[in-house]
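Engineer: Have a look at the structure that comes next, please.
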Amino acid sequence: MELFQIDFGGQNRKKVVGIDLGTTNSLVAFMDLTGPVVIPDPQGQNMVPSIVSLSDDGHSFVVGEQARPRLITRPEHSVYSVKRLMGRGVADIRDEVKLFPFKIAEGSENVLRLRVGDRTMTPPEVSAQVLRKLKTNAETYLGEPVAQAVITVPAYFNDAQRQATKDAGRIAGLEVLRLVNEPTAASLAYGLDKRNDGVVAVYDFGGGTFDISILRLHEGIFEVLSTNGDTHLGGDDIDNRLLAIALEDAGTEWGRDVSTVGEAVQTFRQAVIRAKEQLSFAPEANLEVTFGGKAYQRTLTRSHFESLIKDIVDRTLSPCRQALRDAGLTPEQIDEVVLVGGSTRIPLVRQAVRNLFKAEPHTDLNPDEVVAIGAAVQAAILAGDVQDQLLLDVTPLSLGIETIGGVVTKLIHRNSTIPASASEVFTTSVDGQKNVLIHVLQGERELVKDCRSLARFDLKDIDPLPAGMTRIEVRFLIDANGILAVSARDVRTGKEQSVEVKPSYGLTDEQVDAMVKESFEKAEEDFKARQVREARVEADNILAAVEKAKANDAWLQLSDDERASVDLAINQLLAVYHAGDHHLILDHIAKLDAATVRLAESMMNAAVQDALKGTKI
Amino acid sequence: MSQSTEEHQCWNCGEHPPSQKAARSLFCQFCNSLQAPSPDYYRFFGLPKVLAIDPENLQRTFYQMSRLLHPDRYGRRPERERNYSLEATAILNDGYRILKDPVRRAEYILSENGFQVGEQRSKEVPPELLEEVFEFNMMLDELQSGDDSVVEQLDEARIRFLAMLGGIDGELKAAFLAHDRAPDGEARLKTLTAIRAILHRRRYIKNLVGEVDRQLSSRNA
């Protein structure tokens with residue numbers, strides 16, 4: 001019998017990091033006894049741009065700031081804003097494809113795949129590259145391997161989008177201990193800062209998503225009362241608006257339409273983003289682009305900018321009103337509004353928040369870093385290092401099942417605190433029926449066609465009995481990550497019923513497993529390929545040096561045997577040169593080296609000495 | 001050894017609960033590990049089967065129990081205990097959702113006592129509302145035939161319905177207290193029958209308010 005459980009492993013417990021996997025930028029943070037810190041990359045940058053580019057040799061990836069210039073120089077090899085595609089089907093993203101240079105690969109009917117150089121990659125695989133970069137940065141900083149993480153997601157992400165994020169973590173070699181909603185994570189960081197009890201609204205307007213969450217803070221409990229949002233509304237939309245205008249304008253001025261030239265579009269995009277950012281601080285900004293020997297220059301005033309983006313900013317307001325209604329609160333009952341996400345730097349956005357909530361928004365926290373900091377706090381909570389705080393989050397969307405007539409019957413309503421569950425009893429309708437298929441959907445609408453299909457659960461191997469005799473209780477459980485699990489039990493026998501899951505979007509467990517395996521194999525393959533390349537470079541060097549030495553008098557001073565053995569070694573090296581085994585190449589380099597010892601010795605003149613320098617002895 | 005104590009044997013240390021009370025606890029009295037939860041909402045909140053519940057008290061218990069049960073607290077525990085924590089927290093949250101809402105709480109107790117509850121019963125008009133409903137339907141007919149003058153009457157009807165709802169909530173409170181005071185058995189069942197009738201009336205009026213709102217908003221649109 002064990003009376004006390006004492007954790008002796010406290011000193012060398014594995015570290016858990018918090019990751020903000022953003023549309024535009026991603027960050028990794030860690031919390032220790034001194035508090036949470038954002039982990040910089042080796043160059044000292046806290047933010048890693050969520051840009052992934054396949055290297056020219058197709059063997060590795062360039063991620064982050066180093067990948068940014070490649071958006072212009074290698075648009076076919078580079079992907080950004082991939083978060084917009086997470087957990088989505090090819091039919092959902094028609095609009096995105098018009099606005100973003102995503103190249104959808106063939107065979108994407110079931111699982112969306114992107115063309116990246118000569119590879120095809122699913123969105124979770126692309127995201128995994130960003131995660132891997134953050135993992136490496138964290139390992140370098142902390143000086144130890146990192147295998148566990150908390151990753152943040154937009155609060156309004158549905159089940160498929162959450163699952164895709166979790167898959168990305170797995171592919172990157174991270175065990176995702178928890179998915180945390182971004183605004184909730186921000187509230188943790190805020191609560192750490194303020195330690196006030198009250199009702200807080202978190203307005204999170206990021207690069208690609210918008211969330212609003214309303215929370216009650218009470219003695220370390222962070223209870224989410226309601227959440228709402230739009231997973232396709234963000235700073236990207238503002239950029240696209242400005243970009244479309246600038247491209248059309250430049251096309252007219254230059255007499256040439258450049259809106260289909262990837263390089264031009266990227267150059268313009270980066271210019272309008274710079275102008276947008278300047279306008280948060282200055283009353284006007286210069287938009288300057290040179291491309292293909294032509295120059296485009298405009299001055300954009302803040303008031304003009306605001307008139308261009310007003311409808312985008314206004315789109316954030318109706319989710320806010322809905323969240324207030326769902327929480328049963330009036331704007332006056334909100335004690336404070338916390339701003340999160342880079343887009344909240346825009347003065348018009350702050351104005352809109354001020355008007356709606358009739359309160360001055362809280363801007364002390366860095367809106368770019370607050371989510372990552374909150375994720376680190378949650379990581380510390382899960383690690384048991386933080387005891388006095390607890391997050392009680394909700395599911396953003398109602399969960400239901402398809403019933404007769406294409407109608408959705410809701411089982412778990414939106415804004416239910418998670419984990420949450422519901423049970424439903426199903427019966428067979430035909431004699432001897434062995435399967436029951438349950439279609440699960442997410443959304444607020446009445447009809448199946450207006451909701452998001454989540455998965456089909458197949459209750460298999462039912463005992464064949466007369467219709468209606470079998471009663472199967474199905475339990476729907478949404479876990480603390482907001483992800484659904486389904487289990488079933490035969491009411492009569494109490495026996496566990498097997499359930500096969502067919503996700504409507506995204507990857508099956510088997511597919512993710514294959515990707516995890518492949519990523520390890522790829523890493524191994526990539527490493528091997530690099531070793532072969534390096535061996536060949538070394539072989540090139542020695543072969544060139546020997547060839548050069550043959551022109552020297554010393555070559556003729558060797559015996560016939562000696563010359564023959566050098567030639568033999570050369571031929572043997574050439575023979576293995578194209579085989580993909582670096583060991584063989586290195587072996588034969590060593591042999592050629594040995595065969596040419598006498599040659600080297602007898603060539604005391606400087607030219608030959610120089611020629612043989614640089615080869616390994 | 002009886003089967004019930006066998007059932008309650010701790011999965012972790014193998015000990016049996018020393019008393020009936022201990023057997024109902026969520027935690028093992030010996031090693032303090034979380035046990036498989038049972039889905040009784042009242043037990044989770046440590047409440048007797050009463051209907052008059054103080055919401056602040058309920059919230060306080062909810063927060064306390066969350067601190068004890070939430071999966072975030074079990075990150076470093078064995079997988080089995082992590083699963084119990086997930087199950088237990090789901091029951092806690094489901095229970096809080098139901099118990100904090102007087103109507104759903106009453107429906108929960110009703111269905112536990114074998115009463116039929118739910119939408120299908122709200123079709124028939126409660127007798128005390130017959131006249132009101134008759135007038136209301138007349139108004140809707142007039143509205144349909146293009147008589148806009150009834151809009152004002154509709155507004156009045158809405159105010160009347162809302163006042164009725166207020167009155168019903170008062171009745172419900174009183175009925176809850178009557179239920180909680182009644183001795184177990186026949187007397188208690190009688191209070192439940194009364195509560196079911198009140199709920200039925202309440203649901204019907206709520207639907208009427210919804211109907212007025214629909215009519216008025218389609219008018220304004």
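Every chain in the structure tokens takes a letter, A first, then B, and so on in the order presented; its residues are numbered from 1, and the ligands are numbered from 1 following the presented order.
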Residues of chain A no more than 10 Å from chain B, counting only C-alpha atoms: send them over as a ChimeraX atom specification.
Structural biologist: /A:1-5,7,177-178,218-223,378-384,386-392,412,416-422,477-480
Engineer: Can you pull out every residue within 8 Å of Asp239 of chain A, counting only C-alpha atoms, but drop anything in the same chain fewer than 2 positions away, and send it as a ChimeraX atom specification?
Structural biologist: /A:235-237,241-243,269,272-273,276
Engineer: Report, in Å to a single decimal, how far apart atom CA of Gln531 of chain A and atom CA of Ala564 of chain A are.
Structural biologist: 29.7 Å
Engineer: Within 12 Å of Ser111 of chain B, counting only C-alpha atoms, which residues qualify if same-chain residues fewer than 6 places away don't, as a PDB file with N, CA and C atoms, in the first residue's frame?
Structural biologist:
ATOM      1  N   ARG B 104     -34.104  22.573 -16.325  1.00  0.00           N
ATOM      2  CA  ARG B 104     -33.461  21.312 -16.653  1.00  0.00           C
ATOM      3  C   ARG B 104     -33.250  20.455 -15.405  1.00  0.00           C
ATOM      4  N   ARG B 105     -33.004  21.142 -14.292  1.00  0.00           N
ATOM      5  CA  ARG B 105     -32.838  20.438 -13.026  1.00  0.00           C
ATOM      6  C   ARG B 105     -34.130  19.699 -12.685  1.00  0.00           C
ATOM      7  N   VAL B 117     -40.682  13.595 -19.846  1.00  0.00           N
ATOM      8  CA  VAL B 117     -40.480  15.035 -20.033  1.00  0.00           C
ATOM      9  C   VAL B 117     -40.027  15.282 -21.467  1.00  0.00           C
ATOM     10  N   GLY B 118     -40.200  16.513 -21.915  1.00  0.00           N
ATOM     11  CA  GLY B 118     -39.681  16.825 -23.241  1.00  0.00           C
ATOM     12  C   GLY B 118     -40.683  17.545 -24.095  1.00  0.00           C
ATOM     13  N   LEU B 189     -44.164  12.601  -4.857  1.00  0.00           N
ATOM     14  CA  LEU B 189     -44.585  12.382  -6.251  1.00  0.00           C
ATOM     15  C   LEU B 189     -45.662  13.390  -6.653  1.00  0.00           C
ATOM     16  N   LEU B 192     -44.192  16.532  -7.608  1.00  0.00           N
ATOM     17  CA  LEU B 192     -43.560  16.424  -8.929  1.00  0.00           C
ATOM     18  C   LEU B 192     -44.596  16.543 -10.043  1.00  0.00           C
ATOM     19  N   THR B 193     -45.773  15.969  -9.815  1.00  0.00           N
ATOM     20  CA  THR B 193     -46.839  16.095 -10.805  1.00  0.00           C
ATOM     21  C   THR B 193     -47.187  17.574 -11.008  1.00  0.00           C
ATOM     22  N   ARG B 196     -44.501  19.245 -12.957  1.00  0.00           N
ATOM     23  CA  ARG B 196     -44.558  18.922 -14.379  1.00  0.00           C
ATOM     24  C   ARG B 196     -45.609  19.793 -15.087  1.00  0.00           C
TER      25      ARG B 196
END
Engineer: Quick check for you: according to DSSP on this backbone, which residues of segment 203-398 of chain A are classed as alpha helix (DSSP H)? Reply as an mmCIF file with C-alpha atoms, in the first residue's frame.
Structural biologist:
data_model
loop_
_atom_site.group_PDB
_atom_site.id
_atom_site.type_symbol
_atom_site.label_atom_id
_atom_site.label_comp_id
_atom_site.auth_asym_id
_atom_site.auth_seq_id
_atom_site.Cartn_x
_atom_site.Cartn_y
_atom_site.Cartn_z
ATOM 1 C CA GLY A 235 -5.051 40.523 -41.223
ATOM 2 C CA ASP A 236 -4.613 38.437 -44.386
ATOM 3 C CA ASP A 237 -7.991 39.731 -45.563
ATOM 4 C CA ILE A 238 -6.841 43.314 -45.084
ATOM 5 C CA ASP A 239 -3.630 42.558 -46.999
ATOM 6 C CA ASN A 240 -5.621 40.973 -49.817
ATOM 7 C CA ARG A 241 -7.894 43.990 -50.054
ATOM 8 C CA LEU A 242 -4.942 46.401 -50.368
ATOM 9 C CA LEU A 243 -3.099 44.021 -52.655
ATOM 10 C CA ALA A 244 -5.960 43.730 -55.130
ATOM 11 C CA ILE A 245 -6.258 47.520 -55.351
ATOM 12 C CA ALA A 246 -2.503 48.077 -55.701
ATOM 13 C CA LEU A 247 -2.140 45.385 -58.375
ATOM 14 C CA GLU A 248 -4.976 46.790 -60.430
ATOM 15 C CA ASP A 249 -3.654 50.317 -60.045
ATOM 16 C CA ALA A 250 -0.121 49.294 -61.026
ATOM 17 C CA GLY A 251 -1.464 47.283 -63.948
ATOM 18 C CA THR A 252 -3.187 50.390 -65.310
ATOM 19 C CA GLU A 253 -0.140 52.575 -64.757
ATOM 20 C CA TRP A 254 2.327 50.106 -66.253
ATOM 21 C CA GLY A 262 3.869 35.139 -58.581
ATOM 22 C CA GLU A 263 7.020 37.117 -57.988
ATOM 23 C CA ALA A 264 5.255 40.455 -58.586
ATOM 24 C CA VAL A 265 2.321 39.521 -56.348
ATOM 25 C CA GLN A 266 4.670 38.603 -53.505
ATOM 26 C CA THR A 267 6.635 41.838 -53.922
ATOM 27 C CA PHE A 268 3.419 43.833 -53.802
ATOM 28 C CA ARG A 269 2.117 41.816 -50.862
ATOM 29 C CA GLN A 270 5.179 42.533 -48.772
ATOM 30 C CA ALA A 271 4.916 46.245 -49.695
ATOM 31 C CA VAL A 272 1.250 46.584 -48.691
ATOM 32 C CA ILE A 273 1.934 44.754 -45.410
ATOM 33 C CA ARG A 274 4.702 47.264 -44.645
ATOM 34 C CA ALA A 275 2.345 50.145 -45.441
ATOM 35 C CA LYS A 276 -0.430 48.636 -43.292
ATOM 36 C CA GLU A 277 1.938 48.256 -40.355
ATOM 37 C CA GLN A 278 3.222 51.832 -40.705
ATOM 38 C CA ARG A 302 -4.857 56.414 -42.585
ATOM 39 C CA SER A 303 -8.370 57.691 -43.264
ATOM 40 C CA HIS A 304 -8.340 56.243 -46.771
ATOM 41 C CA PHE A 305 -6.975 52.969 -45.401
ATOM 42 C CA GLU A 306 -9.741 52.895 -42.819
ATOM 43 C CA SER A 307 -12.443 53.422 -45.414
ATOM 44 C CA LEU A 308 -10.988 50.500 -47.401
ATOM 45 C CA ILE A 309 -11.013 48.040 -44.498
ATOM 46 C CA LYS A 310 -14.041 49.159 -42.474
ATOM 47 C CA ASP A 311 -16.292 46.298 -43.604
ATOM 48 C CA ILE A 312 -13.604 43.739 -42.674
ATOM 49 C CA VAL A 313 -13.273 45.189 -39.176
ATOM 50 C CA ASP A 314 -17.064 45.328 -38.835
ATOM 51 C CA LEU A 317 -18.587 42.704 -34.339
ATOM 52 C CA SER A 318 -21.423 40.265 -34.873
ATOM 53 C CA PRO A 319 -19.478 37.332 -33.321
ATOM 54 C CA CYS A 320 -18.815 39.651 -30.343
ATOM 55 C CA ARG A 321 -22.512 40.413 -29.948
ATOM 56 C CA GLN A 322 -23.400 36.725 -30.207
ATOM 57 C CA ALA A 323 -20.817 35.837 -27.556
ATOM 58 C CA LEU A 324 -22.289 38.481 -25.233
ATOM 59 C CA ARG A 325 -25.795 37.105 -25.804
ATOM 60 C CA ASP A 326 -24.631 33.538 -25.174
ATOM 61 C CA ALA A 327 -22.928 34.596 -21.945
ATOM 62 C CA PRO A 347 -6.339 52.061 -34.619
ATOM 63 C CA LEU A 348 -9.668 51.433 -36.381
ATOM 64 C CA VAL A 349 -9.873 47.994 -34.749
ATOM 65 C CA ARG A 350 -9.259 49.476 -31.315
ATOM 66 C CA GLN A 351 -11.916 52.083 -32.012
ATOM 67 C CA ALA A 352 -14.434 49.393 -32.950
ATOM 68 C CA VAL A 353 -13.685 47.453 -29.745
ATOM 69 C CA ARG A 354 -13.985 50.615 -27.653
ATOM 70 C CA ASN A 355 -17.367 51.427 -29.197
ATOM 71 C CA LEU A 356 -18.800 47.962 -28.788
ATOM 72 C CA PHE A 357 -17.680 47.215 -25.234
ATOM 73 C CA VAL A 370 0.574 36.829 -25.243
ATOM 74 C CA VAL A 371 -0.850 33.610 -26.739
ATOM 75 C CA ALA A 372 2.512 31.818 -26.640
ATOM 76 C CA ILE A 373 3.038 32.963 -23.051
ATOM 77 C CA GLY A 374 -0.395 31.629 -22.133
ATOM 78 C CA ALA A 375 0.431 28.320 -23.820
ATOM 79 C CA ALA A 376 3.584 28.113 -21.669
ATOM 80 C CA VAL A 377 1.484 28.729 -18.548
ATOM 81 C CA GLN A 378 -0.883 25.934 -19.587
ATOM 82 C CA ALA A 379 2.142 23.695 -20.205
ATOM 83 C CA ALA A 380 3.302 24.432 -16.663
ATOM 84 C CA ILE A 381 -0.191 23.638 -15.332
ATOM 85 C CA LEU A 382 -0.135 20.261 -17.097
#
Engineer: Mind pulling up the distance from atom CA of Leu300 of chain A to atom CA of Glu284 of chain A?
Structural biologist: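 Taking atom CA of Glu284 of chain A as the start and atom CA of Leu300 of chain A as the end point, the length is 5.5 Å.
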